[in-house]
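S.K.: Sharing my_file_39.cif below, mmCIF, C-alpha atoms:
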data_work
loop_
_atom_site.label_atom_id
_atom_site.label_comp_id
_atom_site.auth_asym_id
_atom_site.auth_seq_id
_atom_site.Cartn_x
_atom_site.Cartn_y
_atom_site.Cartn_z
CA MET A 1 56.24 124.13 -99.17
CA SER A 2 53.66 124.29 -96.42
CA LYS A 3 52.61 127.65 -95.02
CA GLU A 4 53.06 128.60 -91.38
CA PRO A 5 49.89 128.13 -89.30
CA ARG A 6 47.80 131.29 -89.01
CA VAL A 7 47.30 132.53 -85.44
CA GLU A 8 43.91 133.97 -84.53
CA TYR A 9 42.37 135.30 -81.32
CA LEU A 10 38.68 135.05 -80.56
CA ALA A 11 36.72 137.09 -78.01
CA GLY A 12 34.06 135.30 -75.99
CA ALA A 13 32.02 135.40 -72.80
CA GLY A 14 31.44 132.85 -70.03
CA GLY A 15 28.76 132.76 -67.36
CA ASP A 16 28.41 131.17 -63.94
CA GLY A 17 24.72 131.76 -63.20
CA TYR A 18 25.37 135.15 -61.59
CA GLY A 19 27.28 137.22 -64.13
CA PHE A 20 29.54 136.99 -67.16
CA PHE A 21 33.30 137.30 -67.61
CA PRO A 22 35.57 137.90 -70.63
CA VAL A 23 37.03 134.86 -72.41
CA ILE A 24 39.82 134.93 -75.01
CA THR A 25 40.68 131.91 -77.15
CA CYS A 26 43.85 131.50 -79.20
CA TYR A 27 43.88 128.97 -82.03
CA THR A 28 45.98 128.20 -85.09
CA VAL A 29 44.71 127.33 -88.54
CA THR A 30 46.88 125.26 -90.86
CA SER A 31 47.09 125.67 -94.63
CA GLN A 32 44.73 122.68 -94.84
CA GLY A 33 42.18 124.54 -92.74
CA LYS A 34 42.62 122.45 -89.59
CA GLN A 35 42.07 124.36 -86.37
CA ARG A 36 43.88 123.72 -83.09
CA ASN A 37 43.21 125.56 -79.86
CA ARG A 38 46.38 126.85 -78.20
CA TRP A 39 44.82 128.22 -75.01
CA VAL A 40 41.61 129.57 -73.52
CA LEU A 41 41.90 132.26 -70.84
CA HIS A 42 39.25 134.07 -68.83
CA HIS A 43 39.22 136.89 -66.29
CA PRO A 44 37.48 135.49 -63.16
CA ARG A 45 37.46 138.81 -61.29
CA GLU A 46 36.03 140.94 -64.10
CA GLN A 47 32.31 140.40 -63.76
CA TYR A 48 29.53 141.87 -65.91
CA ARG A 49 25.76 141.66 -65.75
CA GLY A 50 25.30 140.88 -69.42
CA LYS A 51 26.97 138.56 -71.92
CA GLU A 52 27.41 141.35 -74.47
CA GLU A 53 29.33 143.47 -71.93
CA ALA A 54 31.73 140.62 -71.19
CA LEU A 55 32.14 139.91 -74.91
CA ALA A 56 32.89 143.58 -75.56
CA ALA A 57 35.44 143.59 -72.73
CA ALA A 58 37.25 140.58 -74.22
CA ASP A 59 37.19 142.15 -77.67
CA ALA A 60 38.59 145.40 -76.24
CA ARG A 61 41.46 143.51 -74.57
CA ILE A 62 42.42 141.90 -77.88
CA ALA A 63 42.18 145.23 -79.69
CA THR A 64 44.42 146.89 -77.07
CA VAL A 65 47.14 144.30 -77.55
CA PHE A 66 46.96 144.67 -81.33
CA ALA A 67 47.18 148.46 -81.02
CA GLU A 68 49.78 148.80 -78.25
CA HIS A 69 51.75 145.53 -78.30
CA ARG A 70 51.80 144.43 -81.91
CA GLU A 71 54.98 142.45 -81.26
CA LEU A 72 52.96 139.96 -79.17
CA VAL A 73 50.39 139.13 -81.85
CA GLY A 74 52.49 136.53 -83.65
CA SER A 75 53.59 134.85 -80.40
CA PRO A 76 50.65 133.12 -78.68
CA ASP A 77 52.73 132.29 -75.59
CA ARG A 78 53.81 135.90 -75.07
CA PHE A 79 50.26 137.07 -75.78
CA ALA A 80 48.98 134.71 -73.07
CA GLY A 81 51.67 135.87 -70.65
CA HIS A 82 50.60 139.47 -71.21
CA LEU A 83 46.99 138.57 -70.39
CA ARG A 84 47.94 136.54 -67.31
CA ALA A 85 49.86 139.51 -65.95
CA ARG A 86 46.58 141.42 -66.14
CA GLY A 87 44.41 138.94 -64.25
CA PHE A 88 43.52 136.33 -66.86
CA THR A 89 43.85 132.63 -66.06
CA GLU A 90 43.16 129.23 -67.62
CA LEU A 91 39.49 128.45 -68.12
CA GLU A 92 40.03 125.13 -66.33
CA SER A 93 39.98 127.11 -63.06
CA PHE A 94 36.43 128.25 -63.82
CA VAL A 95 34.01 127.29 -61.06
CA THR A 96 30.26 127.19 -61.65
CA ALA A 97 28.14 128.94 -59.04
CA LYS A 98 25.87 126.65 -57.02
CA SER A 99 22.87 128.89 -57.53
CA PHE A 100 21.86 132.27 -58.91
CA ASP A 101 22.53 133.82 -55.49
CA ASP A 102 25.94 132.15 -55.10
CA ASP A 103 28.33 134.15 -57.26
CA ARG A 104 32.04 133.77 -58.00
CA ARG A 105 32.96 135.83 -54.96
CA THR A 106 31.44 133.16 -52.72
CA VAL A 107 32.70 130.19 -54.71
CA LEU A 108 36.29 131.38 -55.17
CA GLY A 109 36.71 132.88 -51.72
CA ASP A 110 40.13 134.48 -51.26
CA ALA A 111 40.97 133.87 -54.92
CA PHE A 112 38.40 136.50 -55.85
CA ALA A 113 39.21 140.12 -55.04
CA PRO A 114 35.87 141.94 -55.17
CA ALA A 115 35.78 145.34 -56.80
CA LEU A 116 35.82 148.25 -54.36
CA GLY A 117 32.29 149.24 -53.49
CA ASP A 118 30.68 145.80 -53.10
CA ARG A 119 30.40 146.25 -49.36
CA ALA A 120 29.06 149.79 -49.80
CA ILE A 121 26.35 148.47 -52.12
CA ALA A 122 25.29 145.91 -49.52
CA LEU A 123 25.24 148.38 -46.63
CA ASP A 124 23.66 151.37 -48.36
CA PRO A 125 22.70 150.77 -52.00
CA GLU A 126 20.92 154.15 -52.26
CA LEU A 127 24.01 156.10 -51.19
CA HIS A 128 26.20 154.05 -53.50
CA ALA A 129 23.86 154.82 -56.41
CA GLN A 130 24.05 158.54 -55.60
CA ILE A 131 27.85 158.50 -55.57
CA ILE A 132 28.04 156.67 -58.89
CA GLY A 133 25.46 159.14 -60.24
CA ILE A 134 27.78 162.02 -59.32
CA VAL A 135 30.66 160.28 -61.10
CA GLU A 136 28.52 159.75 -64.20
CA ARG A 137 27.45 163.41 -64.21
CA GLN A 138 31.04 164.62 -63.91
CA LEU A 139 32.01 162.41 -66.84
CA ALA A 140 29.09 163.61 -68.96
CA GLU A 141 29.80 167.29 -68.24
CA ASN A 142 33.60 166.85 -68.22
CA ALA A 143 33.71 168.85 -64.99
CA PRO A 144 36.22 168.58 -63.58
CA PRO A 145 38.24 167.26 -66.56
CA GLU A 146 40.43 165.23 -64.18
CA THR A 147 37.52 162.81 -63.64
CA ARG A 148 37.55 161.78 -67.33
CA ARG A 149 41.35 161.65 -67.39
CA THR A 150 41.34 159.44 -64.30
CA LEU A 151 38.76 157.08 -65.79
CA ASP A 152 40.76 156.75 -69.02
CA ARG A 153 43.95 156.13 -67.03
CA LEU A 154 42.35 153.40 -64.92
CA LEU A 155 40.81 151.73 -67.97
CA GLY A 156 44.22 151.77 -69.62
CA ALA A 157 45.65 150.07 -66.53
CA GLY A 158 43.20 147.18 -66.96
CA TYR A 159 40.38 148.12 -64.58
CA SER A 160 36.83 147.44 -65.71
CA PRO A 161 34.58 150.51 -66.23
CA GLU A 162 32.53 149.61 -63.15
CA HIS A 163 35.61 149.16 -60.95
CA ALA A 164 37.18 152.39 -62.22
CA LYS A 165 34.03 154.39 -61.44
CA ARG A 166 33.88 152.88 -57.96
CA LEU A 167 37.46 153.96 -57.33
CA ILE A 168 36.58 157.50 -58.42
CA GLY A 169 33.57 157.24 -56.13
CA LEU A 170 35.91 156.88 -53.15
CA ALA A 171 37.22 160.38 -53.81
CA VAL A 172 33.66 161.66 -54.28
CA ALA A 173 32.63 160.11 -50.95
CA ILE A 174 35.32 162.05 -49.06
CA GLU A 175 33.99 165.34 -50.42
CA LEU A 176 30.41 164.36 -49.59
CA VAL A 177 31.38 163.65 -45.99
CA GLU A 178 33.11 167.03 -45.75
CA GLU A 179 30.07 168.81 -47.16
CA VAL A 180 27.37 166.99 -45.19
CA VAL A 181 29.09 166.24 -41.88
CA ALA A 182 31.79 168.90 -41.53
CA ARG A 183 29.73 171.46 -43.51
CA LYS A 184 32.76 172.49 -45.54
CA PRO A 185 32.61 173.51 -49.21
CA PHE A 186 33.68 171.16 -51.98
CA ASP A 187 37.48 171.29 -52.27
CA GLU A 188 38.23 170.72 -55.95
CA SER A 189 42.01 170.84 -55.51
CA ARG A 190 41.86 168.09 -52.86
CA TYR A 191 39.44 166.09 -55.00
CA VAL A 192 41.72 166.32 -58.04
CA ALA A 193 44.73 165.34 -55.91
CA ASN A 194 42.86 162.27 -54.66
CA LEU A 195 41.88 161.34 -58.21
CA GLN A 196 45.52 161.53 -59.26
CA ARG A 197 46.45 159.10 -56.47
CA LEU A 198 44.08 156.39 -57.65
CA PRO A 199 44.14 153.41 -57.58
CA GLU A 200 45.78 154.07 -54.21
CA PRO A 201 43.00 154.85 -51.71
CA PRO A 202 42.45 158.58 -51.20
CA MET A 203 43.28 159.84 -47.72
CA PRO A 204 40.68 161.63 -45.57
CA PRO A 205 41.26 165.36 -44.93
CA GLY A 206 43.84 166.17 -42.28
CA LEU A 207 45.95 163.05 -42.89
CA PRO A 208 49.29 163.01 -44.72
CA LEU A 209 49.26 161.64 -48.25
CA PHE A 210 51.12 158.34 -48.17
CA SER A 211 50.40 154.82 -49.26
CA PRO A 212 49.22 152.22 -46.72
CA GLY A 213 52.19 150.24 -45.45
CA ARG A 214 54.68 152.78 -46.75
CA PRO A 215 56.42 155.13 -44.30
CA ALA A 216 55.53 158.80 -44.66
CA ARG A 217 58.30 161.11 -45.78
#
Write out the structure in this file as structure tokens.
M.R.:
Amino acid sequence: MSKEPRVEYLAGAGGDGYGFFPVITCYTVTSQGKQRNRWVLHHPREQYRGKEEALAAADARIATVFAEHRELVGSPDRFAGHLRARGFTELESFVTAKSFDDDRRTVLGDAFAPALGDRAIALDPELHAQIIGIVERQLAENAPPETRRTLDRLLGAGYSPEHAKRLIGLAVAIELVEEVVARKPFDESRYVANLQRLPEPPMPPGLPLFSPGRPAR
């Protein structure tokens, strides 16, 4: 009696001349050792500078499914559906950048949703670096603890580490404006409240807390 094919998942990384993105391959291995690819998915909007970072991100996605959704492991189709719901798509939709300076954001156009902060980097890279530096320091010192909790929550929701830190940076930026422009002291309670709202954009001081496009109550 022949054995059922063994299902395996392989983490990988793809590049387009600008950055690298996570790739996950599903294949089956028969009792005779023959291998057949079931699907190859990649995350076109999760971009990393290095191949190892993208590979680690793909490996982490697989590990998360094994740890939190063990029931999907033996069903490649359900496994793929789970990944697609979190931004993955068929590798056939991969588009190679025309040059080193022409990244996926340019090539894919509206199909690519850039991580928050890209425009800030272009307009004022020094200020952006300072904001991310503040986020990194809060994480290292665990002060306030809500910063680390927010990062872990966003990572668990599927955001990349870079994107999650940029979202936290939005809340940091509001407090910087209040300190520098309005000359008001850092308001930790407001900062924590804004962190808890993420990924919804934090609201500037003086405005009611409600989501864009949703009527205030």
S.K.: Assuming the chain letters and numbering stay as they are in my file, what does the PyMOL selection byres ((chain A and resi 174) around 9) actually select? List them as a list in words.
M.R.: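 Applied to this file, the PyMOL selection byres ((chain A and resi 174) around 9) returns Gly169, Leu170, Ala171, Val172, Ala173, Glu175, Leu176, Val177, Glu178, Glu179, Tyr191, Pro202, Met203, Pro204 and Pro205 of chain A.
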S.K.: Could those residues be written to a file, using C-alpha atoms, as a compact mmCIF listing (two decimals), in the coordinates of the input?
M.R.:
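Writing done, so here's selection02.txt:
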# COMPACT_ATOMS: atom_id res chain seq x y z
CA GLY A 169 33.57 157.24 -56.13
CA LEU A 170 35.91 156.88 -53.15
CA ALA A 171 37.22 160.38 -53.81
CA VAL A 172 33.66 161.66 -54.28
CA ALA A 173 32.63 160.11 -50.95
CA GLU A 175 33.99 165.34 -50.42
CA LEU A 176 30.41 164.36 -49.59
CA VAL A 177 31.38 163.65 -45.99
CA GLU A 178 33.11 167.03 -45.75
CA GLU A 179 30.07 168.81 -47.16
CA TYR A 191 39.44 166.09 -55.00
CA PRO A 202 42.45 158.58 -51.20
CA MET A 203 43.28 159.84 -47.72
CA PRO A 204 40.68 161.63 -45.57
CA PRO A 205 41.26 165.36 -44.93
S.K.: Measure the distance from atom CA of A:Val23 to atom CA of A:Ala11 in Å and round it to one decimal.
M.R.: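 We find that atom CA of A:Val23 and atom CA of A:Ala11 lie 6.0 Å from each other.
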S.K.: Find the residues of stretch 172-200 of chain A that sit at most 12 Å from stretch 136-149 of chain A; for each, write down the nearest two atoms and how far apart they are in Å, to one decimal. Count all atoms listed in the file. Sort by chain, then by number going up, and give it as JSON lines.
M.R.:
{"residue": "A:Val172", "atom": "CA", "partner": "A:Thr147", "partner_atom": "CA", "distance": 10.2}
{"residue": "A:Asp187", "atom": "CA", "partner": "A:Pro144", "partner_atom": "CA", "distance": 11.7}
{"residue": "A:Glu188", "atom": "CA", "partner": "A:Pro144", "partner_atom": "CA", "distance": 8.2}
{"residue": "A:Ser189", "atom": "CA", "partner": "A:Pro144", "partner_atom": "CA", "distance": 10.2}
{"residue": "A:Arg190", "atom": "CA", "partner": "A:Glu146", "partner_atom": "CA", "distance": 11.8}
{"residue": "A:Tyr191", "atom": "CA", "partner": "A:Glu146", "partner_atom": "CA", "distance": 9.3}
{"residue": "A:Val192", "atom": "CA", "partner": "A:Glu146", "partner_atom": "CA", "distance": 6.4}
{"residue": "A:Ala193", "atom": "CA", "partner": "A:Glu146", "partner_atom": "CA", "distance": 9.3}
{"residue": "A:Asn194", "atom": "CA", "partner": "A:Glu146", "partner_atom": "CA", "distance": 10.3}
{"residue": "A:Leu195", "atom": "CA", "partner": "A:Thr147", "partner_atom": "CA", "distance": 7.1}
{"residue": "A:Gln196", "atom": "CA", "partner": "A:Glu146", "partner_atom": "CA", "distance": 8.0}
{"residue": "A:Arg197", "atom": "CA", "partner": "A:Glu146", "partner_atom": "CA", "distance": 11.5}
{"residue": "A:Leu198", "atom": "CA", "partner": "A:Thr147", "partner_atom": "CA", "distance": 11.0}
S.K.: Please, could you write that set of residues out with C-alpha atoms as a compact mmCIF listing (two decimals), in the frame of the given file?
M.R.:
# COMPACT_ATOMS: atom_id res chain seq x y z
CA VAL A 172 33.66 161.66 -54.28
CA ASP A 187 37.48 171.29 -52.27
CA GLU A 188 38.23 170.72 -55.95
CA SER A 189 42.01 170.84 -55.51
CA ARG A 190 41.86 168.09 -52.86
CA TYR A 191 39.44 166.09 -55.00
CA VAL A 192 41.72 166.32 -58.04
CA ALA A 193 44.73 165.34 -55.91
CA ASN A 194 42.86 162.27 -54.66
CA LEU A 195 41.88 161.34 -58.21
CA GLN A 196 45.52 161.53 -59.26
CA ARG A 197 46.45 159.10 -56.47
CA LEU A 198 44.08 156.39 -57.65
S.K.: Pick the closest to A:Gln130 from A:Lys34, A:Arg6, A:His42, A:Arg166: which is it, counting all atoms listed in the file?
M.R.: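 Nearest candidate to A:Gln130 out of A:Lys34, A:Arg6, A:His42, A:Arg166: A:Arg166.
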S.K.: Might you spell out which residues the PyMOL selection byres ((chain A and resi 13) around 10) would select in the displayed file, as a short mmCIF file (atom, residue, chain, number, x, y, z; two decimals) with C-alpha atoms, in the frame of the given file?
M.R.:
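File written: selection_16.cif
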data_model
loop_
_atom_site.label_atom_id
_atom_site.label_comp_id
_atom_site.auth_asym_id
_atom_site.auth_seq_id
_atom_site.Cartn_x
_atom_site.Cartn_y
_atom_site.Cartn_z
CA ALA A 11 36.72 137.09 -78.01
CA GLY A 12 34.06 135.30 -75.99
CA GLY A 14 31.44 132.85 -70.03
CA GLY A 15 28.76 132.76 -67.36
CA PHE A 20 29.54 136.99 -67.16
CA PHE A 21 33.30 137.30 -67.61
CA PRO A 22 35.57 137.90 -70.63
CA VAL A 23 37.03 134.86 -72.41
CA ILE A 24 39.82 134.93 -75.01
CA HIS A 42 39.25 134.07 -68.83
CA HIS A 43 39.22 136.89 -66.29
CA TYR A 48 29.53 141.87 -65.91
CA GLY A 50 25.30 140.88 -69.42
CA LYS A 51 26.97 138.56 -71.92
CA GLU A 52 27.41 141.35 -74.47
CA GLU A 53 29.33 143.47 -71.93
CA ALA A 54 31.73 140.62 -71.19
CA LEU A 55 32.14 139.91 -74.91
CA ALA A 56 32.89 143.58 -75.56
CA ALA A 57 35.44 143.59 -72.73
CA ALA A 58 37.25 140.58 -74.22
CA ASP A 59 37.19 142.15 -77.67
#
S.K.: Apply the PyMOL selection byres ((chain A and resi 85-92) around 10) to the displayed file and report the matching residues as a list of chain:residue names.
M.R.: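 Those residues are A:Gly14, A:Pro22, A:Val23, A:Ile24, A:Thr25, A:Trp39, A:Val40, A:Leu41, A:His42, A:His43, A:Pro44, A:Arg45, A:Glu46, A:Ala80, A:Gly81, A:His82, A:Leu83, A:Arg84, A:Ser93, A:Phe94, A:Val95, A:Ala157, A:Gly158, A:Tyr159.
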S.K.: Separation of atom CA of A:Thr150 and atom CA of A:Leu167, in Å?
M.R.: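 It comes out at 9.7 Å.
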S.K.: Distance cut-off 9 Å, centre (48.8, 129.8, -77.1) in file coordinates, counting only C-alpha atoms: which residues qualify? Return them as a PyMOL selection string.
M.R.: chain A and resi 7+25-28+37-40+75-80
S.K.: Rounded to one decimal in Å, what is the spacing between atom CA of A:Gly19 and atom CA of A:Leu154?
M.R.: 22.1 Å
S.K.: Take every atom of stretch 47-57 of chain A listed in the file, pad by 5 Å on each side, and give me the axis-aligned box centre and edge lengths in Å, one decimal, as AutoDock Vina command-line options.
M.R.:
--center_x 30.4 --center_y 141.1 --center_z -69.7 --size_x 20.1 --size_y 15.0 --size_z 21.8
S.K.: Restricting the calculation to only C-alpha atoms: of A:Glu8, A:Phe186, A:Pro161, A:Leu127, which residue gets closest to A:Val73?
M.R.: A:Glu8
S.K.: When you count all atoms listed in the file, which of these residues is closest to A:Phe66: A:Gly33, A:Ile134, A:Tyr9, A:Pro201?
M.R.: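 Using all atoms listed in the file, A:Phe66 sits closest to A:Tyr9.
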